[in-house]
file query_36.pdb (PDB, C-alpha atoms)
ATOM      1  CA  MET B 984      44.296  -1.237 210.992
ATOM      2  CA  GLN B 985      45.121  -2.024 207.386
ATOM      3  CA  LYS B 986      43.840  -5.589 207.755
ATOM      4  CA  LEU B 987      40.577  -4.285 209.242
ATOM      5  CA  GLN B 988      40.070  -1.991 206.244
ATOM      6  CA  GLN B 989      40.643  -4.904 203.876
ATOM      7  CA  ILE B 990      38.099  -7.056 205.750
ATOM      8  CA  ILE B 991      35.489  -4.281 205.535
ATOM      9  CA  ARG B 992      36.224  -3.620 201.852
ATOM     10  CA  ILE B 993      35.483  -7.211 200.775
ATOM     11  CA  PRO B 994      31.795  -7.433 201.866
ATOM     12  CA  MET B 995      31.187  -3.926 200.507
ATOM     13  CA  MET B 996      32.443  -5.088 197.117
ATOM     14  CA  ILE B 997      30.129  -8.099 197.269
ATOM     15  CA  ILE B 998      27.119  -5.954 198.162
ATOM     16  CA  THR B 999      27.899  -3.530 195.331
ATOM     17  CA  TYR B1000      28.221  -6.433 192.896
ATOM     18  CA  PHE B1001      24.815  -7.873 193.761
ATOM     19  CA  LEU B1002      23.188  -4.447 193.603
ATOM     20  CA  LEU B1003      24.518  -3.979 190.090
ATOM     21  CA  LEU B1004      23.474  -7.506 189.147
ATOM     22  CA  ASN B1005      19.911  -6.985 190.359
ATOM     23  CA  THR B1006      19.691  -3.689 188.517
ATOM     24  CA  ALA B1007      20.802  -5.378 185.319
ATOM     25  CA  LEU B1008      18.338  -8.212 185.717
ATOM     26  CA  ALA B1009      15.474  -5.799 186.368
ATOM     27  CA  SER B1010      16.043  -4.147 182.991
ATOM     28  CA  GLN B1011      16.353  -7.328 180.933
ATOM     29  CA  ILE B1012      12.995  -7.321 179.092
ATOM     30  CA  ALA B1013      12.701  -8.649 175.550
ATOM     31  CA  GLU B1014      10.097  -9.265 172.872
ATOM     32  CA  VAL B1015      10.065 -12.540 170.948
ATOM     33  CA  THR B1016       8.048 -13.470 167.856
ATOM     34  CA  LEU B1017       6.709 -17.021 167.961
ATOM     35  CA  ASP B1018       6.335 -19.404 165.019
ATOM     36  CA  ASN B1019       2.629 -18.554 164.725
ATOM     37  CA  GLY B1020       3.440 -14.873 164.286
ATOM     38  CA  THR B1021       2.397 -13.663 167.718
ATOM     39  CA  THR B1022       4.747 -11.479 169.734
ATOM     40  CA  VAL B1023       5.288 -12.076 173.447
ATOM     41  CA  LYS B1024       6.997  -9.906 176.023
ATOM     42  CA  LEU B1025       9.420 -11.586 178.427
ATOM     43  CA  ASN B1026       9.337  -9.931 181.845
ATOM     44  CA  ASP B1027      12.148  -9.790 184.389
ATOM     45  CA  ASP B1028      10.027 -11.717 186.927
ATOM     46  CA  PHE B1029      10.100 -14.838 184.694
ATOM     47  CA  THR B1030       6.573 -14.241 183.346
ATOM     48  CA  TRP B1031       5.457 -13.528 179.789
ATOM     49  CA  GLU B1032       2.449 -11.987 178.094
ATOM     50  CA  TYR B1033       1.190 -11.342 174.582
ATOM     51  CA  VAL B1034       1.834  -7.986 172.943
ATOM     52  CA  ILE B1035      -1.767  -7.441 171.908
ATOM     53  CA  LEU B1036      -1.926  -3.736 171.024
ATOM     54  CA  GLU B1037      -0.616  -1.903 168.002
ATOM     55  CA  GLN B1038      -0.814   1.608 166.624
ATOM     56  CA  PRO B1039      -3.436   1.896 163.849
ATOM     57  CA  LYS B1040      -1.991   2.465 160.395
ATOM     58  CA  GLN B1041      -2.215   6.002 159.137
ATOM     59  CA  ASN B1042      -4.209   6.690 155.997
ATOM     60  CA  ASN B1043      -1.647   7.975 153.511
ATOM     61  CA  ASP B1044      -4.170   8.417 150.685
ATOM     62  CA  ILE B1045      -4.805  12.060 151.486
ATOM     63  CA  ARG B1046      -4.673  14.555 148.630
ATOM     64  CA  ALA B1047      -3.067  17.899 149.298
ATOM     65  CA  SER B1048      -5.237  20.959 148.914
ATOM     66  CA  ALA B1049      -4.715  23.008 145.753
ATOM     67  CA  ILE B1050      -4.762  26.197 147.794
ATOM     68  CA  ALA B1051      -1.707  26.831 149.910
ATOM     69  CA  PRO B1052      -2.490  27.701 153.543
ATOM     70  CA  SER B1053      -1.957  31.243 154.677
ATOM     71  CA  PRO B1054       1.348  31.819 156.517
ATOM     72  CA  ILE B1055      -0.532  33.122 159.539
ATOM     73  CA  GLU B1056      -2.694  30.021 159.810
ATOM     74  CA  ALA B1057      -1.306  27.522 162.276
ATOM     75  CA  THR B1058      -1.681  23.838 161.425
ATOM     76  CA  PRO B1059      -3.480  22.057 164.269
ATOM     77  CA  PRO B1060      -1.493  19.201 165.807
ATOM     78  CA  THR B1061      -2.522  15.695 164.866
ATOM     79  CA  PRO B1062      -4.158  13.996 167.842
ATOM     80  CA  PRO B1063      -2.390  10.834 168.990
ATOM     81  CA  SER B1064      -4.021   7.651 167.787
ATOM     82  CA  THR B1065      -5.338   5.157 170.300
ATOM     83  CA  PRO B1066      -3.649   1.725 170.222
ATOM     84  CA  GLN B1067      -5.983  -1.010 169.094
ATOM     85  CA  LEU B1068      -6.052  -4.773 169.196
ATOM     86  CA  ASN B1069      -3.607  -6.584 166.973
ATOM     87  CA  GLN B1070      -5.321  -8.111 163.924
ATOM     88  CA  GLN B1071      -4.151 -11.598 164.825
ATOM     89  CA  PHE B1072      -6.037 -11.486 168.107
ATOM     90  CA  ILE B1073      -9.156 -10.217 166.345
ATOM     91  CA  THR B1074      -9.131 -13.381 164.241
ATOM     92  CA  GLN B1075      -8.038 -15.587 167.181
ATOM     93  CA  PRO B1076      -9.796 -14.122 170.246
ATOM     94  CA  GLU B1077      -9.464 -17.371 172.196
ATOM     95  CA  LEU B1078      -5.749 -16.600 172.732
ATOM     96  CA  LEU B1079      -6.658 -13.797 175.131
ATOM     97  CA  LYS B1080      -9.324 -15.597 177.147
ATOM     98  CA  SER B1081      -6.952 -17.301 179.573
ATOM     99  CA  THR B1082      -4.111 -16.078 181.766
ATOM    100  CA  ALA B1083      -1.757 -17.556 184.351
ATOM    101  CA  LYS B1084       0.429 -16.362 187.184
ATOM    102  CA  ASP B1085       2.304 -18.121 190.004
ATOM    103  CA  GLY B1086       0.681 -21.467 189.253
ATOM    104  CA  VAL B1087      -2.879 -20.126 188.964
ATOM    105  CA  LYS B1088      -4.691 -20.225 185.628
ATOM    106  CA  VAL B1089      -7.901 -18.316 184.924
ATOM    107  CA  SER B1090      -9.978 -18.945 181.794
ATOM    108  CA  LEU B1091     -13.227 -17.501 180.512
ATOM    109  CA  LEU B1092     -15.869 -20.211 180.916
ATOM    110  CA  ASN B1093     -19.249 -18.746 179.950
ATOM    111  CA  THR B1094     -20.862 -15.536 178.747
ATOM    112  CA  LYS B1095     -24.529 -14.555 178.821
ATOM    113  CA  TRP B1096     -26.651 -11.467 178.297
ATOM    114  CA  ASP B1097     -29.384 -10.073 180.518
ATOM    115  CA  ASP B1098     -30.808  -7.187 178.501
ATOM    116  CA  ASP B1099     -27.807  -4.812 178.245
ATOM    117  CA  LYS B1100     -25.731  -6.454 180.973
ATOM    118  CA  LEU B1101     -22.991  -8.907 180.082
ATOM    119  CA  GLY B1102     -22.447 -11.853 182.406
ATOM    120  CA  LEU B1103     -19.018 -13.486 182.691
ATOM    121  CA  GLN B1104     -18.053 -16.692 184.482
ATOM    122  CA  PHE B1105     -14.484 -17.961 184.849
ATOM    123  CA  GLU B1106     -12.741 -21.229 185.660
ATOM    124  CA  LEU B1107      -9.727 -21.286 187.975
ATOM    125  CA  THR B1108      -7.141 -24.031 188.353
ATOM    126  CA  SER B1109      -3.990 -24.196 190.456
ATOM    127  CA  ASN B1110      -0.800 -26.253 190.422
ATOM    128  CA  SER B1111       0.811 -24.194 193.170
ATOM    129  CA  ASN B1112       1.595 -25.415 196.678
ATOM    130  CA  LYS B1113       0.130 -22.178 198.044
ATOM    131  CA  HIS B1114      -3.453 -21.878 199.272
ATOM    132  CA  TYR B1115      -4.931 -18.866 197.506
ATOM    133  CA  VAL B1116      -7.655 -16.828 199.163
ATOM    134  CA  LEU B1117      -7.815 -13.955 196.660
ATOM    135  CA  VAL B1118      -7.345 -13.738 192.903
ATOM    136  CA  THR B1119      -7.857 -10.328 191.291
ATOM    137  CA  LEU B1120      -8.508 -10.115 187.575
ATOM    138  CA  GLU B1121      -8.301  -7.197 185.160
ATOM    139  CA  THR B1122     -10.392  -7.405 181.998
ATOM    140  CA  GLN B1123     -10.202  -5.193 178.922
ATOM    141  CA  PHE B1124     -13.011  -5.196 176.360
ATOM    142  CA  TYR B1125     -12.615  -4.371 172.665
ATOM    143  CA  SER B1126     -15.101  -3.688 169.887
ATOM    144  CA  ASP B1127     -15.339  -6.001 166.879
ATOM    145  CA  GLN B1128     -12.914  -3.630 165.113
ATOM    146  CA  GLY B1129     -10.362  -3.959 167.938
ATOM    147  CA  GLN B1130     -10.897  -0.576 169.578
ATOM    148  CA  PRO B1131     -10.791  -0.440 173.409
ATOM    149  CA  ILE B1132     -14.230  -0.068 175.007
ATOM    150  CA  LYS B1133     -13.712  -0.279 178.747
ATOM    151  CA  SER B1134     -11.820  -2.135 181.464
ATOM    152  CA  GLU B1135     -13.032  -3.766 184.668
ATOM    153  CA  ARG B1136     -11.195  -5.090 187.702
ATOM    154  CA  PHE B1137     -12.694  -7.492 190.232
ATOM    155  CA  ASN B1138     -11.878 -10.365 192.579
ATOM    156  CA  VAL B1139     -12.532 -13.406 190.433
ATOM    157  CA  TRP B1140     -11.975 -15.634 193.490
ATOM    158  CA  GLN B1141     -12.298 -14.687 197.147
ATOM    159  CA  ALA B1142     -12.277 -17.276 199.908
ATOM    160  CA  THR B1143     -14.310 -17.042 203.089
ATOM    161  CA  PHE B1144     -12.370 -16.026 206.190
ATOM    162  CA  ARG B1145     -11.253 -19.053 208.244
ATOM    163  CA  LEU B1146     -12.928 -21.574 205.945
ATOM    164  CA  PRO B1147     -10.044 -23.544 204.398
ATOM    165  CA  GLU B1148     -12.406 -25.504 202.165
ATOM    166  CA  THR B1149     -13.019 -22.292 200.207
ATOM    167  CA  TYR B1150      -9.310 -21.788 199.442
ATOM    168  CA  LEU B1151      -7.969 -22.449 195.952
ATOM    169  CA  ARG B1152      -5.531 -25.326 196.470
ATOM    170  CA  LYS B1153      -3.176 -27.363 194.331
ATOM    171  CA  ASN B1154      -4.812 -29.553 191.642
ATOM    172  CA  GLU B1155      -8.203 -27.980 192.292
ATOM    173  CA  THR B1156     -10.575 -26.510 189.709
ATOM    174  CA  ARG B1157     -13.086 -23.884 190.770
ATOM    175  CA  LYS B1158     -15.825 -21.944 189.016
ATOM    176  CA  SER B1159     -16.263 -18.284 189.783
ATOM    177  CA  ARG B1160     -19.568 -16.604 190.410
ATOM    178  CA  LEU B1161     -21.227 -14.693 187.588
ATOM    179  CA  PHE B1162     -19.953 -11.135 187.141
ATOM    180  CA  TRP B1163     -22.217  -8.571 185.481
ATOM    181  CA  ILE B1164     -20.626  -5.916 183.274
ATOM    182  CA  GLU B1165     -22.440  -2.816 182.062
ATOM    183  CA  GLY B1166     -21.529  -0.452 179.252
ATOM    184  CA  ILE B1167     -20.912  -3.071 176.523
ATOM    185  CA  ASP B1168     -22.938  -2.681 173.325
ATOM    186  CA  LYS B1169     -23.776  -6.215 172.217
ATOM    187  CA  THR B1170     -24.115  -5.100 168.587
ATOM    188  CA  HIS B1171     -20.409  -4.163 168.584
ATOM    189  CA  TRP B1172     -19.224  -7.123 170.673
ATOM    190  CA  LYS B1173     -20.230 -10.090 168.529
ATOM    191  CA  LYS B1174     -16.648 -11.393 168.357
ATOM    192  CA  GLN B1175     -16.368 -11.264 172.168
ATOM    193  CA  LEU B1176     -12.966  -9.571 172.071
ATOM    194  CA  MET B1177     -11.508  -9.225 175.538
ATOM    195  CA  SER B1178      -8.241  -9.794 177.361
ATOM    196  CA  ILE B1179      -7.771 -10.910 180.953
ATOM    197  CA  LYS B1180      -4.823 -10.584 183.310
ATOM    198  CA  ILE B1181      -4.206 -11.634 186.918
ATOM    199  CA  THR B1182      -3.066  -8.560 188.812
ATOM    200  CA  GLU B1183      -3.067  -9.737 192.439
ATOM    201  CA  LEU B1184      -2.774 -12.991 194.372
ATOM    202  CA  GLU B1185      -3.051 -13.567 198.115
ATOM    203  CA  SER B1186      -2.349 -16.856 199.834
ATOM    204  CA  ARG B1187      -2.447 -18.369 203.323
TER     205      ARG B1187
END
call {"tool": "encode", "arguments": {"input": "query_36.pdb", "output": "structure tokens"}}
result
Amino acid sequence: MQKLQQIIRIPMMIITYFLLLNTALASQIAEVTLDNGTTVKLNDDFTWEYVILEQPKQNNDIRASAIAPSPIEATPPTPPSTPQLNQQFITQPELLKSTAKDGVKVSLLNTKWDDDKLGLQFELTSNSNKHYVLVTLETQFYSDQGQPIKSERFNVWQATFRLPETYLRKNETRKSRLFWIEGIDKTHWKKQLMSIKITELESR
């Protein structure tokens, strides 16, 4: 009976060890500053991404009022500031116009205007052995001052069911269709500030 308990105890110890190891790995996320000054976040799934947002600096040049407030007057809370685009990405917007995940790279290829609608076309390449049938992209648009405007999510690539020639395969380059975005004021989007991120991939 004692030997049986020892045999059972050993695999339980191994299972507990790997559970603790996985938990530790899942929490190991770090930020690293590159030589060019940009900061990247290292994720626990072996991916990385730029840290593109920052809190706007508070204006400290505010003169106090000469009249002291009444004790019964409550000071209204300061509303939280909205994170805005890091200044480095405002001056180098091309850094945010491509993204990659699991061997698939998506880059902004063309932009065009049709009255107040913004048209976007992307280029996709793959070095993965998987055959991708769906690539979902999330885009975030910023004003020329770096303030968030709006976000859009769409399938930048979607293959036709049971047509393998429409799959995104290894060493292939594909052009997406033109996507039309509304709600962007072209007078405040002259720098074309936007970020893109692959959020979903499906393969066959």
call {"tool": "resolve_selection", "arguments": {"input": "query_36.pdb", "expression": "the PyMOL selection byres ((chain B and resi 1026-1036) around 12)", "output": "VMD selection string"}}
result
chain B and resid 1005 to 1017 1020 to 1025 1037 to 1039 1065 to 1073 1075 to 1076 1078 to 1086 1123 1125 1129 to 1131 1176 to 1181
call {"tool": "closest_residue", "arguments": {"input": "query_36.pdb", "among": "B:Glu1165, B:Lys1100, B:Thr1108, B:Glu1185", "to": "Ile1132 (chain B)", "atoms": "all atoms listed in the file"}}
result
B:Glu1165
call {"tool": "resolve_selection", "arguments": {"input": "query_36.pdb", "expression": "the PyMOL selection byres ((chain B and resi 1106) around 8)", "output": "ChimeraX atom specification"}}
result
/B:1089-1092,1104-1105,1107-1108,1156-1159
call {"tool": "closest_residue", "arguments": {"input": "query_36.pdb", "among": "B:Asn1019, B:Asn1093, B:Asn1112, B:Ser1134", "to": "Ile1164 (chain B)", "atoms": "only C-alpha atoms"}}
result
B:Ser1134
call {"tool": "atom_distance", "arguments": {"input": "query_36.pdb", "atom1": "CA of Lys1088 (chain B)", "atom2": "CA of Arg1145 (chain B)"}}
result
23.6 Å
call {"tool": "closest_residue", "arguments": {"input": "query_36.pdb", "among": "B:Arg1187, B:His1171, B:Lys1133, B:Lys1095", "to": "Pro1147 (chain B)", "atoms": "only C-alpha atoms"}}
result
B:Arg1187
call {"tool": "atom_distance", "arguments": {"input": "query_36.pdb", "atom1": "CA of Phe1144 (chain B)", "atom2": "CA of Thr1094 (chain B)"}}
result
28.7 Å
call {"tool": "closest_residue", "arguments": {"input": "query_36.pdb", "among": "B:Glu1155, B:Asp1168, B:Asp1018, B:Asp1099", "to": "Val1087 (chain B)", "atoms": "only C-alpha atoms"}}
result
B:Glu1155
call {"tool": "atom_distance", "arguments": {"input": "query_36.pdb", "atom1": "CA of Ser1064 (chain B)", "atom2": "CA of Trp1172 (chain B)"}}
result
21.4 Å
call {"tool": "residues_around", "arguments": {"input": "query_36.pdb", "residues": "Lys1113 (chain B)", "least_positions_apart": "6", "cutoff": "8 Å", "atoms": "all atoms listed in the file", "output": "CSV table (one decimal) with C-alpha atoms, in the frame of the given file"}}
result
chain,number,residue,atom,x,y,z
B,1152,ARG,CA,-5.5,-25.3,196.5
B,1153,LYS,CA,-3.2,-27.4,194.3
B,1186,SER,CA,-2.3,-16.9,199.8
B,1187,ARG,CA,-2.4,-18.4,203.3
call {"tool": "axis_aligned_box", "arguments": {"input": "query_36.pdb", "around": "region 1142-1149 of chain B", "padding_each_side": "5 Å", "output": "lines of an AutoDock Vina configuration file"}}
result
center_x = -12.2
center_y = -20.8
center_z = 204.1
size_x = 14.3
size_y = 19.5
size_z = 18.3
call {"tool": "closest_residue", "arguments": {"input": "query_36.pdb", "among": "B:Ile1167, B:Leu1103, B:Leu1151, B:Leu1161", "to": "Asp1127 (chain B)", "atoms": "all atoms listed in the file"}}
result
B:Ile1167
call {"tool": "closest_residue", "arguments": {"input": "query_36.pdb", "among": "B:Glu1135, B:Asn1154, B:Asp1097, B:Thr1149", "to": "Asn1110 (chain B)", "atoms": "all atoms listed in the file"}}
result
B:Asn1154
